[in-house]
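Structure record follows, encoded as structure tokens.
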Amino acid sequence: MYVVATPIGNLGDISLRALETLRGVDLVACEDTRHARHLLDHHGIKVPTLALHQHNENAAADKLIRLLGEGKSVALVSDAGTPGVSDPGARTVAAVRTAGFRVIPLPGPNAAIAALSAAGLADARFLFVGFLPAKVGARRTAIQELAGVDAALVFYEAPHRVVETVGELAELLQPQREIVIARELTKLFEQIERMPLTQAPAWLAADANHQRGEFVLVVSAPPPREGMDAETERVLATLLAELPVRQAAKLAAEITGQPKNALYARALELKAQDL
């Protein structure tokens, strides 16, 4: 089975190897057959397709395994980019490998890497987060847990949630950080803007067009953490011995007057050291 990365917008961004592979397989398993047919027809490829999405992935994977057992070759694609990366495909790959068949990756377009390449951030590391939870409480919790990660953060976001998500990033992450907002990558209305994180909500609000399209959000790594004084460390460690991380950080902030986000990040570090 071939795992084939396909364009995230511009249909010309497909590799020669991908085209050769798609022409040569017996079946293309795809997230949306209509979407895949558009790509295949554009390149004159007449190969049968099979829907494989998050709601039918297990059953579709079984069909692929039967075909592979008959000696057929199969290509796996998603609607855009690389299958299994914030898209269906990972369970299929696992099932095919477990069944004893070879899985061959064909690298290509990826929205996160495209955004990073144009971001101009000098951070040595990045963490691909993908989509944050849709529910507000879970999303805020996830962002708070990411505040202390010493790396640039890469998110995917949909247009109907981007305002809320960017607002919460600006509220919950360190104000010294920057954000790169990349929307509609490789498409007609592609836009890539870099700005201080605190200015991002106003930028989105300034023009309704800024809120349209599919988004990649890249937030720079946090600033170097200033050393925490010994008394604050003692208070935090004492509370951590009795309380969950979030409660310990909140109470330590009330006792010491130190920023809650910094205390939360340090509490996570201390917990990790105890594991």
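How things are named: the first chain in the structure tokens is A, the next is B, and so on; residues count from 1 in each chain; ligands count from 1 in the order shown.
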Would you list the contacts of Pro133 (chain A) as a list in words, taking every protein, DNA or RNA residue within 12 Å and counting only C-alpha atoms, but skipping same-chain residues closer than 3 positions in sequence? Val129, Gly130, Val136, Gly137, Ala138, Arg139, Arg140, Thr141, Ala142, Ile143, Phe155, Tyr156, Glu157, Ala158, Arg161, Glu164 and Thr165 of chain A
Got a sec: who's within 8 Å of region 30-33 of chain A, counting only C-alpha atoms, leaving out chain neighbours fewer than 3 positions off, as a ChimeraX atom specification? /A:36-37,49-53,76-79,88
Please identify all polymer residues within 9 Å of region 177-179 of chain A, counting only C-alpha atoms, omitting same-chain residues fewer than 2 positions from it, and present them as a PyMOL selection string. chain A and resi 119+121+170+173-175+181+193-198+200+217-223
How about saving the chosen residues, N, CA and C atoms kept, as an mmCIF file, in the first residue's frame?
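Writing the result to part01.cif gives the following:
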data_model
loop_
_atom_site.group_PDB
_atom_site.id
_atom_site.type_symbol
_atom_site.label_atom_id
_atom_site.label_comp_id
_atom_site.auth_asym_id
_atom_site.auth_seq_id
_atom_site.Cartn_x
_atom_site.Cartn_y
_atom_site.Cartn_z
ATOM 1 N N ALA A 119 7.491 30.985 7.876
ATOM 2 C CA ALA A 119 7.294 31.739 9.115
ATOM 3 C C ALA A 119 8.504 32.577 9.491
ATOM 4 N N LEU A 121 10.691 31.856 11.776
ATOM 5 C CA LEU A 121 10.990 31.754 13.202
ATOM 6 C C LEU A 121 12.315 31.009 13.393
ATOM 7 N N ALA A 170 -3.769 34.225 22.713
ATOM 8 C CA ALA A 170 -3.256 35.519 23.162
ATOM 9 C C ALA A 170 -3.473 35.725 24.658
ATOM 10 N N LEU A 173 -1.181 32.325 26.606
ATOM 11 C CA LEU A 173 0.255 32.144 26.393
ATOM 12 C C LEU A 173 1.000 33.429 26.740
ATOM 13 N N GLN A 174 2.302 33.332 26.838
ATOM 14 C CA GLN A 174 3.125 34.474 27.243
ATOM 15 C C GLN A 174 3.001 35.617 26.219
ATOM 16 N N PRO A 175 2.834 36.857 26.693
ATOM 17 C CA PRO A 175 2.598 37.982 25.774
ATOM 18 C C PRO A 175 3.792 38.323 24.892
ATOM 19 N N ILE A 181 0.136 33.722 11.165
ATOM 20 C CA ILE A 181 -1.173 33.264 10.712
ATOM 21 C C ILE A 181 -1.064 32.988 9.217
ATOM 22 N N GLU A 193 0.909 36.100 7.572
ATOM 23 C CA GLU A 193 1.204 37.312 8.329
ATOM 24 C C GLU A 193 1.856 36.946 9.660
ATOM 25 N N ARG A 194 2.877 37.711 10.027
ATOM 26 C CA ARG A 194 3.566 37.500 11.301
ATOM 27 C C ARG A 194 3.407 38.751 12.163
ATOM 28 N N MET A 195 3.115 38.549 13.438
ATOM 29 C CA MET A 195 2.844 39.694 14.316
ATOM 30 C C MET A 195 3.000 39.265 15.771
ATOM 31 N N PRO A 196 3.083 40.227 16.703
ATOM 32 C CA PRO A 196 3.042 39.863 18.125
ATOM 33 C C PRO A 196 1.732 39.143 18.429
ATOM 34 N N LEU A 197 1.795 38.131 19.262
ATOM 35 C CA LEU A 197 0.606 37.346 19.574
ATOM 36 C C LEU A 197 -0.517 38.210 20.125
ATOM 37 N N THR A 198 -0.184 39.208 20.914
ATOM 38 C CA THR A 198 -1.210 40.056 21.523
ATOM 39 C C THR A 198 -1.967 40.889 20.498
ATOM 40 N N ALA A 200 -2.810 39.730 17.435
ATOM 41 C CA ALA A 200 -3.492 38.853 16.487
ATOM 42 C C ALA A 200 -5.018 38.950 16.545
ATOM 43 N N LEU A 217 -1.649 28.018 12.330
ATOM 44 C CA LEU A 217 -1.186 29.030 13.280
ATOM 45 C C LEU A 217 0.133 28.544 13.862
ATOM 46 N N VAL A 218 1.170 29.361 13.743
ATOM 47 C CA VAL A 218 2.478 29.017 14.284
ATOM 48 C C VAL A 218 2.832 30.037 15.356
ATOM 49 N N VAL A 219 2.960 29.586 16.589
ATOM 50 C CA VAL A 219 3.286 30.474 17.714
ATOM 51 C C VAL A 219 4.736 30.224 18.114
ATOM 52 N N SER A 220 5.511 31.291 18.218
ATOM 53 C CA SER A 220 6.925 31.147 18.566
ATOM 54 C C SER A 220 7.090 30.544 19.955
ATOM 55 N N ALA A 221 8.264 30.018 20.204
ATOM 56 C CA ALA A 221 8.567 29.407 21.498
ATOM 57 C C ALA A 221 8.483 30.453 22.609
ATOM 58 N N PRO A 222 8.250 30.030 23.840
ATOM 59 C CA PRO A 222 8.173 30.992 24.942
ATOM 60 C C PRO A 222 9.527 31.631 25.202
ATOM 61 N N PRO A 223 9.525 32.828 25.794
ATOM 62 C CA PRO A 223 10.798 33.470 26.130
ATOM 63 C C PRO A 223 11.523 32.659 27.199
#
Minimum-distance residue to Ala241 (chain A), chosen among A:Ala267, A:Ala206, A:Ser117, A:Ala253 (using only C-alpha atoms): A:Ala267
Pull the strand (DSSP E) assignments for region 54-134 of chain A out of DSSP run on the backbone, and list those residues as an MDAnalysis selection string. chainID A and resid 74:76 104:106 126:131
Name all residues at most 6 Å from region 10-27 of chain A (count only C-alpha atoms; drop same-chain ones fewer than 5 positions away) and give them as an MDAnalysis selection string. chainID A and resid 45 48:49 73:74 186:187
Please, could you write that set of residues out with N, CA and C atoms as a PDB file, in the first residue's frame?
ATOM      1  N   ILE A  45      -6.066  10.591 -14.693  1.00  0.00           N
ATOM      2  CA  ILE A  45      -5.876   9.285 -14.072  1.00  0.00           C
ATOM      3  C   ILE A  45      -7.239   8.604 -13.905  1.00  0.00           C
ATOM      4  N   PRO A  48     -10.194   3.347 -10.135  1.00  0.00           N
ATOM      5  CA  PRO A  48     -11.338   3.296  -9.208  1.00  0.00           C
ATOM      6  C   PRO A  48     -10.973   3.872  -7.837  1.00  0.00           C
ATOM      7  N   THR A  49     -11.976   4.415  -7.147  1.00  0.00           N
ATOM      8  CA  THR A  49     -11.765   4.986  -5.818  1.00  0.00           C
ATOM      9  C   THR A  49     -12.660   4.296  -4.793  1.00  0.00           C
ATOM     10  N   SER A  73      -2.595  -3.645  -5.744  1.00  0.00           N
ATOM     11  CA  SER A  73      -1.877  -2.520  -5.143  1.00  0.00           C
ATOM     12  C   SER A  73      -2.861  -1.390  -4.878  1.00  0.00           C
ATOM     13  N   VAL A  74      -2.637  -0.663  -3.786  1.00  0.00           N
ATOM     14  CA  VAL A  74      -3.578   0.360  -3.329  1.00  0.00           C
ATOM     15  C   VAL A  74      -2.818   1.630  -2.966  1.00  0.00           C
ATOM     16  N   THR A 186      -1.145  27.892  -0.556  1.00  0.00           N
ATOM     17  CA  THR A 186      -1.010  27.479  -1.967  1.00  0.00           C
ATOM     18  C   THR A 186      -2.258  27.774  -2.798  1.00  0.00           C
ATOM     19  N   LYS A 187      -3.266  28.402  -2.197  1.00  0.00           N
ATOM     20  CA  LYS A 187      -4.497  28.697  -2.934  1.00  0.00           C
ATOM     21  C   LYS A 187      -4.502  30.153  -3.408  1.00  0.00           C
TER      22      LYS A 187
END
